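Asks: Please read through the structure below; I'll follow up with questions.
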Amino acid sequence: MSSDNYPSGEPCAQRGGHGHPGLIHRFIDRLPFDADDPIVTLQEGSTPLVHAKWISERVGAEVYVKIEGANPTGSFKDRGMCCAVTQAVKEGSEAVICASTGNTAASAAAYAARAGLRGAVIVPDGKIATGKLAQALMHGARVIALRGNFDEALELVRELTDKHPIALVNSVNPYRLEGQKTAAFELVEELGTLDALCIPVGNAGNITAYWKGFQEAGSSPRLFGFQAAGAAPLVSGVRVEHPETIASAIRIGNPARWEEAMTAMTQSRGDIRAVTDEEILDAYRLLAAKEGVFCEPASAASVAGLLKYGADGCERVACVLTGHGLKDPQTALEQSGSVLPCEPNLGAVEKAVLG
Ligand SMILES: *Cc1c(COP(=O)(O)O)cnc(C)c1O
């Protein structure tokens, strides 16, 4: 892609370099920014949409997976974070903060580093995947391990940012949703019509953003949201005091975007449903072994839901795979086969390889 595709009059550094433009440049006419804003980008978005042959056959529909793990920090959070941090810079903030189950922390830390802002992230102690923690620390954020869960962390950062001039970059921040809605634009551009979208739901920001994006693009697929059975307040209709699931990214008992998510599902004639950890892990292993796609456990909830409840008469379905499998190497190693020890001679290697 030539640099002619970028809005003119902008310093090169803000474009993020060569290759495809970041999503603010790509969709600037549909986002609340101008080309001369101080755009912070890692060239997020434009993620692969891959046909899932095996899953398609299993459910009798044309199924695609949107690989959001291909974003710069390995999750869809980058779509929202480039907008939230750009806005923070525009407003003159010197620091950003978030509560996080992990990926928001990794993304906020990266974009804060890029923008030269201070970053602080509050995570539930011992409850976030190793890769995400490594990212937040490497990017130089102050990482605070709260002796509490995500819902308590979010409550506290909301109070903190009411008192101090620090930008809150959780998905309660409207710029997060603006950025995340662009994934729906990409789906409509690539597929034309889409009958259903399957998506994991935690704090419910992403499903809200997708619905906004689809509506702005003049499209209305049915939205099927999936929560982990141990953290499924939108399914039961009551908040969960002690959410539990292997899918740590969606271990949330009181979603901030509760109302908006329910509206999205009702308006789109979709539904919110629960999948067990066992079903999530089955889908997680299947995606890796049969489709060659390694996502994190929370992401597999979308496919677990599609496999469990079927395509409901929908012909063309997209599943959002929200984060990369390498985020959580520990769960991967627990869920996969073991390595074969081998002596360094041909006979032993033959036996190991062919036996
Ligand atoms: C944040 C996250 C989710 C949940 O998105 P919400 O907007 O909180 O509903 C799902 N999967 C992964 C990997 C995430 O990081």
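Lettering and numbering for the structure tokens are positional, with chains as A, B, ... in the shown order, residues counted from 1 in each chain, and ligands counted from 1 in the shown order.
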Let me see if you get this right: every residue at most 6 Å from ligand 1, counting only C-alpha atoms and all ligand atoms, written as a list in words.

Replies: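 So, counting only C-alpha atoms and all ligand atoms, the residues near ligand 1 are Asn103, Pro200, Val201, Gly202, Asn203, Ala204, Gly205, Asn206, Ala249, Ile250, Ala298, Ser299, Thr322 and Gly323 of chain A.
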
Asks: Go through region 79-302 of chain A and collect every residue that DSSP, computed from the backbone, puts in helix (DSSP H, G or I); the answer should be as number ranges by chain.

Replies: A: 79-90, 103-115, 130-138, 150-163, 174-180, 182-191, 205-216, 229-231, 233-236, 248-250, 258-267, 277-291, 297-302

Asks: Which of region 131-352 of chain A end up as strand (DSSP E or B) when DSSP is run on this backbone - answer as a count of residues only?

Replies: 33

Asks: Pick from A:Leu177, A:Leu286, A:Leu23, A:Ala120: nearest to Glu94 (chain A), with only C-alpha atoms counted?

Replies: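 For Glu94 (chain A), the nearest of the given residues is A:Ala120.
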
Asks: My list of candidates is A:Thr182, A:Thr193, A:Ser171, A:Thr331. Which is closest to Trp258 (chain A) when distances are computed with only C-alpha atoms?

Replies: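 Among the listed residues, the smallest separation from Trp258 (chain A) belongs to A:Ser171.
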
Asks: May I ask which of the residues A:Cys314, A:Arg176, A:Val238, A:Leu133 is the closest one to Pro221 (chain A), counting only C-alpha atoms?

Replies: A:Cys314

Asks: Tyr64 (chain A): which residues within 12 Å, counting only C-alpha atoms, same-chain residues fewer than 4 positions away excluded, as a PyMOL selection string?

Replies: chain A and resi 48-57+59+187+190-191+194-198+287+291+293+302-303+306+315-321

Asks: Convert the current residue selection to file output with N, CA and C atoms, as an mmCIF file, in the first residue's frame.

Replies:
```
data_model
loop_
_atom_site.group_PDB
_atom_site.id
_atom_site.type_symbol
_atom_site.label_atom_id
_atom_site.label_comp_id
_atom_site.auth_asym_id
_atom_site.auth_seq_id
_atom_site.Cartn_x
_atom_site.Cartn_y
_atom_site.Cartn_z
ATOM 1 N N PRO A 48 -6.655 -11.049 9.936
ATOM 2 C CA PRO A 48 -7.087 -12.097 9.010
ATOM 3 C C PRO A 48 -8.491 -12.625 9.319
ATOM 4 N N LEU A 49 -9.238 -12.866 8.239
ATOM 5 C CA LEU A 49 -10.529 -13.540 8.347
ATOM 6 C C LEU A 49 -10.353 -14.862 7.612
ATOM 7 N N VAL A 50 -10.395 -15.946 8.356
ATOM 8 C CA VAL A 50 -9.990 -17.235 7.803
ATOM 9 C C VAL A 50 -11.181 -18.194 7.758
ATOM 10 N N HIS A 51 -11.367 -18.838 6.613
ATOM 11 C CA HIS A 51 -12.432 -19.834 6.503
ATOM 12 C C HIS A 51 -12.073 -21.039 7.376
ATOM 13 N N ALA A 52 -13.024 -21.494 8.189
ATOM 14 C CA ALA A 52 -12.782 -22.630 9.089
ATOM 15 C C ALA A 52 -13.498 -23.852 8.524
ATOM 16 N N LYS A 53 -12.735 -24.646 7.781
ATOM 17 C CA LYS A 53 -13.314 -25.755 7.009
ATOM 18 C C LYS A 53 -13.928 -26.823 7.914
ATOM 19 N N TRP A 54 -13.164 -27.180 8.922
ATOM 20 C CA TRP A 54 -13.590 -28.267 9.800
ATOM 21 C C TRP A 54 -14.842 -27.882 10.589
ATOM 22 N N ILE A 55 -14.829 -26.688 11.139
ATOM 23 C CA ILE A 55 -15.987 -26.219 11.918
ATOM 24 C C ILE A 55 -17.194 -26.051 10.996
ATOM 25 N N SER A 56 -16.965 -25.547 9.791
ATOM 26 C CA SER A 56 -18.050 -25.380 8.813
ATOM 27 C C SER A 56 -18.762 -26.708 8.585
ATOM 28 N N GLU A 57 -17.972 -27.758 8.382
ATOM 29 C CA GLU A 57 -18.571 -29.073 8.142
ATOM 30 C C GLU A 57 -19.346 -29.563 9.362
ATOM 31 N N VAL A 59 -20.891 -27.828 11.673
ATOM 32 C CA VAL A 59 -22.148 -27.131 11.982
ATOM 33 C C VAL A 59 -23.026 -26.919 10.751
ATOM 34 N N LEU A 187 -15.443 -6.901 8.615
ATOM 35 C CA LEU A 187 -16.240 -8.097 8.285
ATOM 36 C C LEU A 187 -17.194 -7.803 7.128
ATOM 37 N N GLU A 190 -15.329 -7.493 3.845
ATOM 38 C CA GLU A 190 -14.803 -8.735 3.284
ATOM 39 C C GLU A 190 -15.875 -9.733 2.898
ATOM 40 N N LEU A 191 -16.942 -9.797 3.677
ATOM 41 C CA LEU A 191 -17.949 -10.832 3.445
ATOM 42 C C LEU A 191 -19.202 -10.319 2.747
ATOM 43 N N LEU A 194 -23.443 -11.143 6.172
ATOM 44 C CA LEU A 194 -23.068 -12.046 7.253
ATOM 45 C C LEU A 194 -24.355 -12.313 8.025
ATOM 46 N N ASP A 195 -24.651 -13.591 8.313
ATOM 47 C CA ASP A 195 -25.920 -13.898 8.985
ATOM 48 C C ASP A 195 -25.808 -13.882 10.504
ATOM 49 N N ALA A 196 -24.633 -14.275 11.017
ATOM 50 C CA ALA A 196 -24.485 -14.308 12.473
ATOM 51 C C ALA A 196 -23.043 -14.067 12.881
ATOM 52 N N LEU A 197 -22.901 -13.475 14.059
ATOM 53 C CA LEU A 197 -21.589 -13.269 14.663
ATOM 54 C C LEU A 197 -21.588 -13.966 16.015
ATOM 55 N N CYS A 198 -20.572 -14.794 16.267
ATOM 56 C CA CYS A 198 -20.414 -15.427 17.580
ATOM 57 C C CYS A 198 -19.237 -14.767 18.280
ATOM 58 N N LEU A 287 -9.620 -25.923 17.640
ATOM 59 C CA LEU A 287 -9.172 -24.827 16.776
ATOM 60 C C LEU A 287 -7.695 -24.967 16.450
ATOM 61 N N GLU A 291 -7.866 -26.567 12.815
ATOM 62 C CA GLU A 291 -7.874 -25.392 11.938
ATOM 63 C C GLU A 291 -6.521 -24.694 11.887
ATOM 64 N N VAL A 293 -5.330 -22.805 14.206
ATOM 65 C CA VAL A 293 -5.467 -21.469 14.790
ATOM 66 C C VAL A 293 -5.390 -21.571 16.319
ATOM 67 N N SER A 302 -16.417 -18.421 21.676
ATOM 68 C CA SER A 302 -17.277 -18.148 20.510
ATOM 69 C C SER A 302 -17.512 -19.429 19.713
ATOM 70 N N VAL A 303 -16.452 -20.173 19.470
ATOM 71 C CA VAL A 303 -16.568 -21.416 18.707
ATOM 72 C C VAL A 303 -17.251 -22.505 19.551
ATOM 73 N N LEU A 306 -20.892 -21.928 19.198
ATOM 74 C CA LEU A 306 -21.396 -22.319 17.875
ATOM 75 C C LEU A 306 -21.504 -23.844 17.779
ATOM 76 N N GLU A 315 -26.542 -19.111 7.539
ATOM 77 C CA GLU A 315 -25.680 -19.723 6.523
ATOM 78 C C GLU A 315 -24.233 -19.287 6.631
ATOM 79 N N ARG A 316 -24.037 -18.009 6.857
ATOM 80 C CA ARG A 316 -22.667 -17.499 6.909
ATOM 81 C C ARG A 316 -22.410 -16.907 8.300
ATOM 82 N N VAL A 317 -21.436 -17.476 8.983
ATOM 83 C CA VAL A 317 -21.203 -17.133 10.389
ATOM 84 C C VAL A 317 -19.738 -16.744 10.603
ATOM 85 N N ALA A 318 -19.500 -15.691 11.383
ATOM 86 C CA ALA A 318 -18.126 -15.353 11.768
ATOM 87 C C ALA A 318 -17.983 -15.493 13.277
ATOM 88 N N CYS A 319 -16.884 -16.124 13.697
ATOM 89 C CA CYS A 319 -16.571 -16.226 15.126
ATOM 90 C C CYS A 319 -15.386 -15.312 15.417
ATOM 91 N N VAL A 320 -15.501 -14.510 16.450
ATOM 92 C CA VAL A 320 -14.404 -13.623 16.819
ATOM 93 C C VAL A 320 -13.449 -14.374 17.753
ATOM 94 N N LEU A 321 -12.193 -14.500 17.313
ATOM 95 C CA LEU A 321 -11.168 -15.082 18.182
ATOM 96 C C LEU A 321 -10.368 -13.911 18.738
#
```

Asks: To one decimal place, how far is CA of Ala217 (chain A) from CA of Leu31 (chain A) in Å?

Replies: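 Computing it gives 12.7 Å between the two atoms.
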
Asks: What does the structure give for the distance between CA of Asn170 (chain A) and CA of Arg79 (chain A), in Å to one decimal?

Replies: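 Here the two named atoms are 12.4 Å from each other.
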